[in-house]
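Raw contents of work11.csv, CSV, C-alpha atoms and all ligand atoms:
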chain,number,residue,atom,x,y,z
D,110,MET,CA,113.6,93.6,114.2
D,111,SER,CA,112.1,94.2,110.8
D,112,ASP,CA,109.2,92.0,110.0
D,113,VAL,CA,109.1,90.1,106.8
D,114,PHE,CA,105.6,90.0,105.4
D,115,TYR,CA,105.1,86.9,103.3
D,116,SER,CA,102.2,87.3,100.9
D,117,ALA,CA,102.8,84.0,99.2
D,118,ARG,CA,102.8,83.3,95.5
D,119,TRP,CA,104.4,79.9,95.6
D,120,LYS,CA,101.3,77.9,95.9
D,121,GLY,CA,101.3,75.1,98.3
D,122,PRO,CA,98.8,73.5,100.6
D,123,ALA,CA,99.3,76.4,103.0
D,124,GLY,CA,99.0,75.6,106.6
D,125,LEU,CA,98.8,71.9,106.0
D,126,ILE,CA,101.2,70.2,108.3
D,127,LEU,CA,101.9,66.6,107.6
D,128,ILE,CA,102.2,64.5,110.6
D,129,SER,CA,103.7,61.1,110.1
D,130,PHE,CA,101.9,58.4,111.9
D,131,SER,CA,104.0,55.6,113.1
D,132,ILE,CA,103.0,52.5,114.9
D,133,MET,CA,103.5,53.1,118.6
D,134,PHE,CA,105.9,50.8,120.2
D,135,SER,CA,107.2,51.5,123.7
D,136,GLY,CA,109.9,54.1,123.5
D,137,CYS,CA,108.8,55.5,120.2
D,138,LYS,CA,107.8,59.1,119.8
D,139,THR,CA,104.2,59.7,120.7
D,140,THR,CA,101.8,61.1,118.2
D,141,PRO,CA,100.3,64.5,119.2
D,142,ALA,CA,96.8,64.0,120.5
D,143,PRO,CA,94.1,65.1,118.0
D,144,GLY,CA,93.3,68.7,118.6
D,145,THR,CA,96.8,69.6,119.8
D,146,VAL,CA,97.8,73.0,118.3
D,147,SER,CA,101.1,72.7,116.5
D,148,ALA,CA,103.6,75.3,117.8
D,149,ARG,CA,104.9,78.1,115.6
D,150,GLN,CA,107.9,80.1,116.5
D,151,GLY,CA,106.9,83.1,114.4
D,152,ASP,CA,109.9,82.9,112.1
D,153,GLU,CA,108.6,80.4,109.6
D,154,ILE,CA,108.1,80.9,105.9
D,155,VAL,CA,106.1,78.3,103.9
D,156,VAL,CA,107.7,76.4,101.1
D,157,ALA,CA,105.6,73.8,99.2
D,158,GLY,CA,103.4,73.4,102.3
D,159,ARG,CA,106.3,73.0,104.7
D,160,MET,CA,107.2,75.4,107.5
D,161,VAL,CA,110.8,76.5,107.3
D,162,HIS,CA,112.6,78.6,110.0
D,163,SER,CA,114.2,81.8,108.9
D,164,GLY,CA,115.6,83.2,112.1
D,165,THR,CA,113.7,86.5,111.6
D,166,ARG,CA,110.2,87.4,112.5
D,167,VAL,CA,107.7,86.6,109.7
D,168,VAL,CA,104.1,87.5,109.3
D,169,LEU,CA,102.5,84.9,107.0
D,170,TRP,CA,99.6,85.8,104.7
D,171,MET,CA,97.4,83.6,106.9
D,172,ASP,CA,98.5,85.2,110.2
D,173,PRO,CA,96.4,87.8,111.9
D,174,GLY,CA,97.1,91.1,110.1
D,175,GLY,CA,98.8,89.3,107.2
D,176,TYR,CA,98.6,90.4,103.6
D,177,ASP,CA,97.0,87.7,101.4
D,178,ALA,CA,97.8,87.9,97.7
D,179,TYR,CA,95.6,84.9,97.1
D,180,ARG,CA,92.5,87.0,97.8
D,181,VAL,CA,90.9,88.4,94.8
D,182,GLU,CA,89.2,91.4,96.4
D,183,ARG,CA,90.9,94.7,97.2
D,184,ARG,CA,92.2,95.0,100.7
D,185,PHE,CA,92.1,98.7,101.5
D,186,VAL,CA,88.8,99.9,100.2
D,187,PRO,CA,85.4,99.7,101.9
D,188,LEU,CA,84.3,96.1,101.9
D,189,GLU,CA,81.2,96.6,99.8
D,190,LYS,CA,83.5,98.1,97.0
D,191,ALA,CA,86.2,95.4,97.4
D,192,GLY,CA,84.7,92.8,95.1
D,193,TRP,CA,86.1,92.2,91.6
D,194,GLU,CA,83.2,93.9,89.7
D,195,ASP,CA,83.6,97.2,91.5
D,196,SER,CA,87.4,96.9,91.5
D,197,LYS,CA,87.8,96.5,87.8
D,198,ALA,CA,85.4,99.3,87.1
D,199,GLU,CA,87.2,101.7,89.5
D,200,VAL,CA,90.8,100.7,88.7
D,201,SER,CA,91.8,100.4,85.1
D,202,ALA,CA,95.1,98.7,85.9
D,203,LEU,CA,93.3,95.8,87.3
D,204,ARG,CA,92.8,93.2,84.6
D,205,THR,CA,92.4,90.0,86.4
D,206,PRO,CA,91.2,89.2,90.0
D,207,ASN,CA,94.3,87.1,90.5
D,208,ARG,CA,97.4,89.1,91.2
D,209,TYR,CA,99.6,86.2,90.6
D,210,SER,CA,100.0,83.7,87.9
D,211,MET,CA,101.4,80.2,87.5
D,212,ARG,CA,105.1,79.8,86.6
D,213,ARG,CA,105.3,77.4,83.7
D,214,ALA,CA,108.9,77.8,82.7
D,215,GLY,CA,111.0,74.7,83.1
D,216,LEU,CA,108.1,72.3,83.7
D,217,THR,CA,107.2,69.3,81.6
D,218,ASP,CA,103.6,68.7,80.6
D,219,VAL,CA,103.2,66.1,83.4
D,220,GLU,CA,104.7,68.4,86.0
D,221,LEU,CA,102.4,71.2,84.8
D,222,GLU,CA,99.4,68.9,85.3
D,223,GLN,CA,100.7,68.1,88.8
D,224,VAL,CA,101.0,71.7,89.9
D,225,ARG,CA,98.2,73.5,88.2
D,226,GLY,CA,96.0,72.9,91.2
D,227,GLY,CA,98.8,74.1,93.5
D,228,GLY,CA,100.4,70.8,94.2
D,229,TRP,CA,104.1,71.8,94.2
D,230,ASP,CA,106.4,69.4,96.0
D,231,LEU,CA,109.7,70.6,97.4
D,232,PRO,CA,112.0,68.8,94.9
D,233,LEU,CA,110.0,70.2,91.9
D,234,LEU,CA,110.1,73.7,93.4
D,235,GLN,CA,113.8,73.4,94.0
D,236,LYS,CA,114.3,72.5,90.4
D,237,VAL,CA,112.7,75.7,89.1
D,238,VAL,CA,113.5,78.4,91.6
D,239,ASP,CA,117.0,79.8,90.9
D,240,GLN,CA,116.8,83.5,91.5
D,241,PHE,CA,116.0,85.8,94.5
D,242,VAL,CA,115.2,89.3,93.1
D,243,ILE,CA,115.5,92.3,95.4
D,244,HIS,CA,113.4,95.3,94.8
D,245,PHE,CA,113.0,98.8,96.4
D,246,ASP,CA,109.4,99.8,95.9
D,247,VAL,CA,109.4,103.4,97.2
D,248,CYS,CA,106.2,102.7,99.1
D,249,GLY,CA,107.7,103.2,102.6
D,250,THR,CA,105.9,100.4,104.4
D,251,SER,CA,104.7,96.8,103.8
D,252,ARG,CA,101.1,97.9,104.2
D,253,GLN,CA,101.5,100.7,101.6
D,254,CYS,CA,103.4,98.3,99.3
D,255,PHE,CA,100.7,95.7,99.4
D,256,LYS,CA,98.1,98.4,98.9
D,257,VAL,CA,99.8,99.6,95.7
D,258,LEU,CA,100.6,96.3,94.3
D,259,HIS,CA,97.4,94.4,95.1
D,260,ASP,CA,94.7,97.1,95.1
D,261,ARG,CA,96.1,99.3,92.3
D,262,ARG,CA,98.6,97.5,90.0
D,263,ASP,CA,97.4,93.9,89.7
D,264,LEU,CA,100.7,92.6,91.0
D,265,SER,CA,101.8,90.4,93.8
D,266,VAL,CA,105.0,89.9,95.8
D,267,HIS,CA,106.6,87.1,97.7
D,268,PHE,CA,108.2,88.9,100.7
D,269,MET,CA,107.9,92.4,101.9
D,270,LEU,CA,110.5,93.8,104.3
D,271,ASP,CA,108.7,96.2,106.6
D,272,LEU,CA,109.6,99.8,106.7
D,273,ASP,CA,111.1,100.2,103.4
D,274,ASN,CA,113.4,103.0,102.5
D,275,PRO,CA,111.1,105.7,101.2
D,276,LEU,CA,111.1,109.3,100.3
D,277,LYS,CA,113.2,112.3,101.3
D,278,GLU,CA,110.6,113.9,103.5
D,279,TRP,CA,110.7,110.9,105.7
D,280,TYR,CA,114.2,111.7,106.8
D,281,THR,CA,115.1,114.2,109.5
D,282,ARG,CA,118.4,114.9,111.2
D,283,GLU,CA,118.5,114.4,115.0
D,284,GLY,CA,120.6,116.4,117.4
D,285,ASN,CA,123.1,113.6,117.8
D,286,GLY,CA,123.8,113.5,114.0
D,287,ALA,CA,121.7,110.4,113.4
D,288,THR,CA,119.0,110.5,110.7
D,289,ARG,CA,115.5,109.5,111.8
D,290,ILE,CA,112.8,108.0,109.6
D,291,THR,CA,109.3,109.4,110.3
D,292,ILE,CA,106.2,107.9,108.7
D,293,PRO,CA,104.0,110.7,107.4
D,294,GLY,CA,100.7,111.2,109.1
D,295,SER,CA,98.9,110.4,105.8
D,296,LEU,CA,99.8,106.8,106.3
D,297,GLY,CA,98.3,106.6,109.7
D,298,ASP,CA,100.3,104.4,112.1
D,299,GLY,CA,102.1,102.9,109.1
D,300,GLY,CA,101.1,99.4,110.1
D,301,ILE,CA,104.6,98.6,111.5
D,302,ARG,CA,104.3,95.6,113.8
D,303,THR,CA,107.0,96.7,116.2
D,304,LYS,CA,105.3,99.3,118.3
D,305,GLY,CA,107.2,102.5,118.8
D,306,PHE,CA,109.8,101.5,116.2
D,307,VAL,CA,112.0,104.4,115.0
D,308,GLY,CA,114.1,103.6,112.0
D,309,HIS,CA,117.5,105.1,111.2
D,310,PRO,CA,119.4,104.4,107.9
D,311,ALA,CA,122.6,102.4,108.4
D,312,ARG,CA,124.5,105.4,107.1
D,313,PRO,CA,123.2,108.9,108.1
D,314,GLU,CA,124.2,110.6,104.9
D,315,PRO,CA,122.4,109.9,101.6
D,316,VAL,CA,124.5,107.6,99.4
D,317,THR,CA,125.4,108.5,95.8
D,318,GLY,CA,126.2,105.9,93.2
D,319,ARG,CA,125.7,104.8,89.7
D,320,VAL,CA,123.1,102.3,88.6
D,321,GLN,CA,122.3,101.7,84.9
D,322,GLY,CA,124.8,104.4,84.0
D,323,GLN,CA,122.8,107.1,85.9
D,324,GLU,CA,124.0,108.8,89.1
D,325,LEU,CA,121.5,108.3,91.8
D,326,ILE,CA,121.2,109.4,95.4
D,327,GLN,CA,119.5,107.3,98.1
D,328,TYR,CA,119.3,107.0,101.8
D,329,ASP,CA,120.5,103.6,103.1
D,330,PHE,CA,118.3,100.9,104.4
D,331,THR,CA,118.0,100.3,108.2
D,332,PRO,CA,120.2,97.8,110.1
D,333,GLU,CA,117.0,96.0,111.0
D,334,GLN,CA,116.1,95.6,107.4
D,335,TYR,CA,119.5,94.3,106.5
D,336,ARG,CA,119.5,91.8,109.4
D,337,ALA,CA,116.0,90.5,108.4
D,338,LEU,CA,117.0,90.3,104.7
D,339,SER,CA,120.2,88.5,105.5
D,340,LYS,CA,118.3,85.8,107.4
D,341,LEU,CA,115.7,85.5,104.7
D,342,THR,CA,118.5,85.3,102.0
D,343,ALA,CA,120.3,82.6,104.0
D,344,THR,CA,117.0,80.7,104.3
D,345,LEU,CA,116.1,80.8,100.7
D,346,CYS,CA,119.7,79.9,99.6
D,347,LYS,CA,119.5,76.9,101.9
D,348,VAL,CA,116.1,75.7,100.8
D,349,PHE,CA,116.7,76.4,97.1
D,350,PRO,CA,120.2,75.0,96.1
D,351,LYS,CA,120.0,76.7,92.7
D,352,ILE,CA,119.9,80.1,94.4
D,353,LYS,CA,123.6,80.7,95.0
D,354,CYS,CA,124.3,82.9,98.0
D,355,ASP,CA,126.0,85.6,95.9
D,356,TYR,CA,125.3,88.6,93.7
D,357,PRO,CA,126.3,89.3,90.1
D,358,ARG,CA,129.9,90.4,90.2
D,359,ASP,CA,132.3,92.0,87.7
D,360,GLY,CA,135.9,90.8,87.1
D,361,GLU,CA,137.0,92.5,90.3
D,362,GLY,CA,134.3,91.0,92.5
D,363,LYS,CA,132.2,94.2,92.7
D,364,VAL,CA,128.5,94.2,92.1
D,365,ILE,CA,127.6,94.8,88.5
D,366,PRO,CA,125.6,98.1,88.5
D,367,GLU,CA,123.5,97.5,85.4
D,368,LYS,CA,121.3,95.0,83.6
D,369,LEU,CA,123.1,91.7,82.9
D,370,PRO,CA,123.4,90.6,79.3
D,371,ASP,CA,120.4,88.4,78.3
D,372,GLU,CA,122.4,85.2,78.1
D,373,ARG,CA,124.1,85.7,81.5
D,374,LEU,CA,120.8,86.6,83.1
D,375,LYS,CA,119.2,83.4,81.8
D,376,GLU,CA,122.1,81.3,83.2
D,377,TYR,CA,122.3,83.2,86.5
D,378,GLY,CA,121.3,81.4,89.7
D,379,GLY,CA,121.6,83.6,92.8
D,380,VAL,CA,120.6,86.8,94.4
D,381,LEU,CA,120.1,89.8,92.2
D,382,GLY,CA,118.5,93.2,91.9
D,383,HIS,CA,115.6,94.3,89.7
D,384,TYR,CA,118.1,96.5,87.8
D,385,HIS,CA,120.0,93.3,86.8
D,386,ILE,CA,116.9,92.2,84.9
D,387,GLN,CA,115.5,95.4,83.2
D,388,THR,CA,117.3,98.5,81.9
D,389,ASN,CA,114.4,100.7,82.9
D,390,LYS,CA,114.8,99.8,86.6
D,391,ASN,CA,117.3,101.0,89.2
D,392,ASP,CA,116.1,99.3,92.4
D,393,PRO,CA,117.2,98.4,94.9
D,394,GLY,CA,119.4,101.4,94.3
D,395,PRO,CA,123.0,102.6,94.9
D,396,ALA,CA,122.8,102.5,98.7
D,397,PHE,CA,121.9,98.8,98.9
D,398,GLN,CA,124.8,97.0,100.6
D,399,TRP,CA,125.1,93.8,98.6
D,400,ASP,CA,128.4,92.7,100.3
D,401,TYR,CA,126.9,93.1,103.8
D,402,VAL,CA,123.7,91.1,103.0
D,403,ILE,CA,125.6,88.3,101.3
D,404,GLU,CA,128.4,88.1,103.8
D,405,GLN,CA,125.9,87.9,106.7
D,406,ALA,CA,123.8,85.3,104.8
D,407,GLN,CA,126.9,83.2,104.1
D,408,ARG,CA,127.9,83.4,107.7
D,409,THR,CA,124.5,82.2,108.7
D,410,LEU,CA,124.7,79.3,106.2
D,411,ASN,CA,128.1,78.4,107.4
D,412,GLY,CA,126.9,78.1,111.0
D,413,GLY,CA,128.6,81.3,112.1
D,414,LEU,CA,125.3,82.8,113.2
D,415,SER,CA,122.5,80.8,114.6
D,416,PRO,CA,119.0,81.8,113.5
D,417,GLY,CA,117.9,84.8,115.4
D,418,ALA,CA,121.3,85.4,117.0
D,419,ALA,CA,122.6,88.9,117.4
D,420,GLN,CA,124.7,89.8,114.5
D,421,THR,CA,127.8,92.0,114.1
D,422,SER,CA,127.1,95.7,114.3
D,423,MET,CA,126.6,97.7,111.2
D,424,GLY,CA,129.8,99.5,112.1
D,425,HIS,CA,131.5,96.5,110.5
D,426,MET,CA,129.8,97.0,107.2
D,427,ARG,CA,132.0,98.0,104.4
D,428,GLN,CA,131.1,101.5,103.3
D,429,GLY,CA,130.4,102.5,99.8
D,430,HIS,CA,130.7,100.6,96.6
T,1,ZN,ZN,111.5,96.5,91.3
Would you mind giving the structure from this file in structure tokens?
Amino acid sequence: MSDVFYSARWKGPAGLILISFSIMFSGCKTTPAPGTVSARQGDEIVVAGRMVHSGTRVVLWMDPGGYDAYRVERRFVPLEKAGWEDSKAEVSALRTPNRYSMRRAGLTDVELEQVRGGGWDLPLLQKVVDQFVIHFDVCGTSRQCFKVLHDRRDLSVHFMLDLDNPLKEWYTREGNGATRITIPGSLGDGGIRTKGFVGHPARPEPVTGRVQGQELIQYDFTPEQYRALSKLTATLCKVFPKIKCDYPRDGEGKVIPEKLPDERLKEYGGVLGHYHIQTNKNDPGPAFQWDYVIEQAQRTLNGGLSPGAAQTSMGHMRQGH
């Protein structure tokens, strides 16, 4: 299972769980005793302060070992050098201690006043969130991704899928013809939460394809990453009705391999890649299997797959695009 790291930029009263108190009549549900620890299943994301099940393992920013983009200090430098004064002196790309900013688009002045302190409610969030953008960051692991974005680039991210699809030297051919992913020693243990995990790309050969008019070559992502991403996609499409569970398609139903025209991009509500937004980007790359992710997510949404249930093998995946 590939962990989803949720470093959280949608601000909400994180961790606050609202318990509705009802007058206790005989036969009514009992209110948990004060001090009772509320159970977590470990697959929850947080949306406007609510815990939402995703069916895949999730490490929240507030969990042990989580990556917290709300923190203003650098995460991976000696603690005495982590503060903002040292950070901005040492890293020129860091311009503000906050790696996130507030989304104002689509909000009225009254709504803006409501949420400027972090007070998003679910209906308001559902009104403005209409796209789920997928990236490929070439960092290799969630830990490395957070390190680069947070400590070096003044950026933040909502979800990181652990063990990303990194660089050529990470891939070696095994005797049985499979391709094995090995994390270089320079990244230590890699920070992968599943101990002893060895990743294999869904297709052993590198995949060639055109994105943004350029021919590119890329190893595929792992079945574990696809499964986790499908669950997360289904979860977000369910929670946010404006995110249609689909990708940008051409007249024949194939994924559009380039930036969408401005007007179409503005109107688009659904799942899309970074390259659909900017001409100077090609992630998530030609190997990314849009049809598999979306088909699996739609099956989950239609009740075909219960959260966390075993999914069809990757052998059923359509090959190539
Ligand atoms: Zn990107």
Which residues of region 203-301 of chain D have any atom within 10 Å of an atom in region 350-358 of chain D when counting all atoms listed in the file, and what is the closest pair of atoms for each, with the distance in Å to one decimal? Order the rows by chain and rising number and write it as a tab-separated table.
residue	atom	partner	partner_atom	distance
D:Gln235	CA	D:Pro350	CA	6.9
D:Lys236	CA	D:Lys351	CA	7.4
D:Val237	CA	D:Lys351	CA	8.2
D:Val238	CA	D:Lys351	CA	6.8
D:Asp239	CA	D:Ile352	CA	4.6
D:Gln240	CA	D:Ile352	CA	5.4
D:Phe241	CA	D:Ile352	CA	6.9
* Asked: Hey, which residues come within 8 Å of ligand ZN 1 (chain T) if we count only C-alpha atoms and all ligand atoms? Could you give them as a ChimeraX atom specification?
  -> /D:243-246,382-384,390-393
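Note that CA of Tyr335 (chain D) and CA of Asp263 (chain D) are 27.8 Å apart.
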* **All residues 10 Å or closer to region 281-284 of chain D, all atoms listed in the file, same chain fewer than 4 positions away omitted, as a list in words** => Lys277, Thr288, Arg289, Ile290, Thr291, His309, Pro313 and Glu314 of chain D
* Structure fact -> CA of Leu345 (chain D) sits from CA of Tyr176 (chain D) at a separation of 20.2 Å
Every residue with an atom at most 7 Å from (124.4, 102.4, 108.2) (file coordinates; all atoms listed in the file) is what I'm after, so could you write them as an mmCIF file with C-alpha atoms, in the frame of the given file?
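Result file follows (out-v2.cif):
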data_model
loop_
_atom_site.group_PDB
_atom_site.id
_atom_site.type_symbol
_atom_site.label_atom_id
_atom_site.label_comp_id
_atom_site.auth_asym_id
_atom_site.auth_seq_id
_atom_site.Cartn_x
_atom_site.Cartn_y
_atom_site.Cartn_z
ATOM 1 C CA PRO D 310 119.400 104.400 107.900
ATOM 2 C CA ALA D 311 122.600 102.400 108.400
ATOM 3 C CA ARG D 312 124.500 105.400 107.100
ATOM 4 C CA PRO D 313 123.200 108.900 108.100
ATOM 5 C CA ASP D 329 120.500 103.600 103.100
ATOM 6 C CA THR D 331 118.000 100.300 108.200
ATOM 7 C CA PRO D 332 120.200 97.800 110.100
ATOM 8 C CA MET D 423 126.600 97.700 111.200
#
* Structure fact -> Restricting to all atoms listed in the file, whichever of D:Leu188, D:Gln405, D:Glu153, D:Lys363 is closest to Met171 (chain D) is D:Glu153
* Please indicate the distance in Å from CA of Pro206 (chain D) to CA of Val167 (chain D), rounded to one decimal place. =>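 Answer for the CA of Pro206 (chain D) to CA of Val167 (chain D) separation: 25.8 Å.
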* Which one of D:Pro293, D:Gly227, D:Gly164, D:Gly322 sits closest to Lys368 (chain D) if you count all atoms listed in the file? ->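 Of all the options, D:Gly322 lies closest to Lys368 (chain D).
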* To do: Would you mind telling me which residue in D:Val320, D:Leu296, D:Cys346, D:Leu169 lies nearest to Ile365 (chain D) when using only C-alpha atoms?
  =>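 Looking at the shortest contact to Ile365 (chain D), the residue is D:Val320.
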Find the residues near Ser196 (chain D): any atom within 12 Å, counting only C-alpha atoms, skip ones fewer than 5 places away on the same chain, and give them as a PDB file with C-alpha atoms, in the frame of the given file.
ATOM      1  CA  VAL D 181      90.900  88.400  94.800  1.00  0.00           C
ATOM      2  CA  GLU D 182      89.200  91.400  96.400  1.00  0.00           C
ATOM      3  CA  ARG D 183      90.900  94.700  97.200  1.00  0.00           C
ATOM      4  CA  ARG D 184      92.200  95.000 100.700  1.00  0.00           C
ATOM      5  CA  PHE D 185      92.100  98.700 101.500  1.00  0.00           C
ATOM      6  CA  VAL D 186      88.800  99.900 100.200  1.00  0.00           C
ATOM      7  CA  PRO D 187      85.400  99.700 101.900  1.00  0.00           C
ATOM      8  CA  LEU D 188      84.300  96.100 101.900  1.00  0.00           C
ATOM      9  CA  GLU D 189      81.200  96.600  99.800  1.00  0.00           C
ATOM     10  CA  LYS D 190      83.500  98.100  97.000  1.00  0.00           C
ATOM     11  CA  ALA D 191      86.200  95.400  97.400  1.00  0.00           C
ATOM     12  CA  SER D 201      91.800 100.400  85.100  1.00  0.00           C
ATOM     13  CA  ALA D 202      95.100  98.700  85.900  1.00  0.00           C
ATOM     14  CA  LEU D 203      93.300  95.800  87.300  1.00  0.00           C
ATOM     15  CA  ARG D 204      92.800  93.200  84.600  1.00  0.00           C
ATOM     16  CA  THR D 205      92.400  90.000  86.400  1.00  0.00           C
ATOM     17  CA  PRO D 206      91.200  89.200  90.000  1.00  0.00           C
ATOM     18  CA  HIS D 259      97.400  94.400  95.100  1.00  0.00           C
ATOM     19  CA  ASP D 260      94.700  97.100  95.100  1.00  0.00           C
ATOM     20  CA  ARG D 261      96.100  99.300  92.300  1.00  0.00           C
ATOM     21  CA  ARG D 262      98.600  97.500  90.000  1.00  0.00           C
ATOM     22  CA  ASP D 263      97.400  93.900  89.700  1.00  0.00           C
TER      23      ASP D 263
END
* D:Val156, D:Ile326, D:Val402, D:Ala337 ranked by distance to Asp230 (chain D), top pick (using all atoms listed in the file) ->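 Closest to Asp230 (chain D), using all atoms listed in the file: D:Val156.
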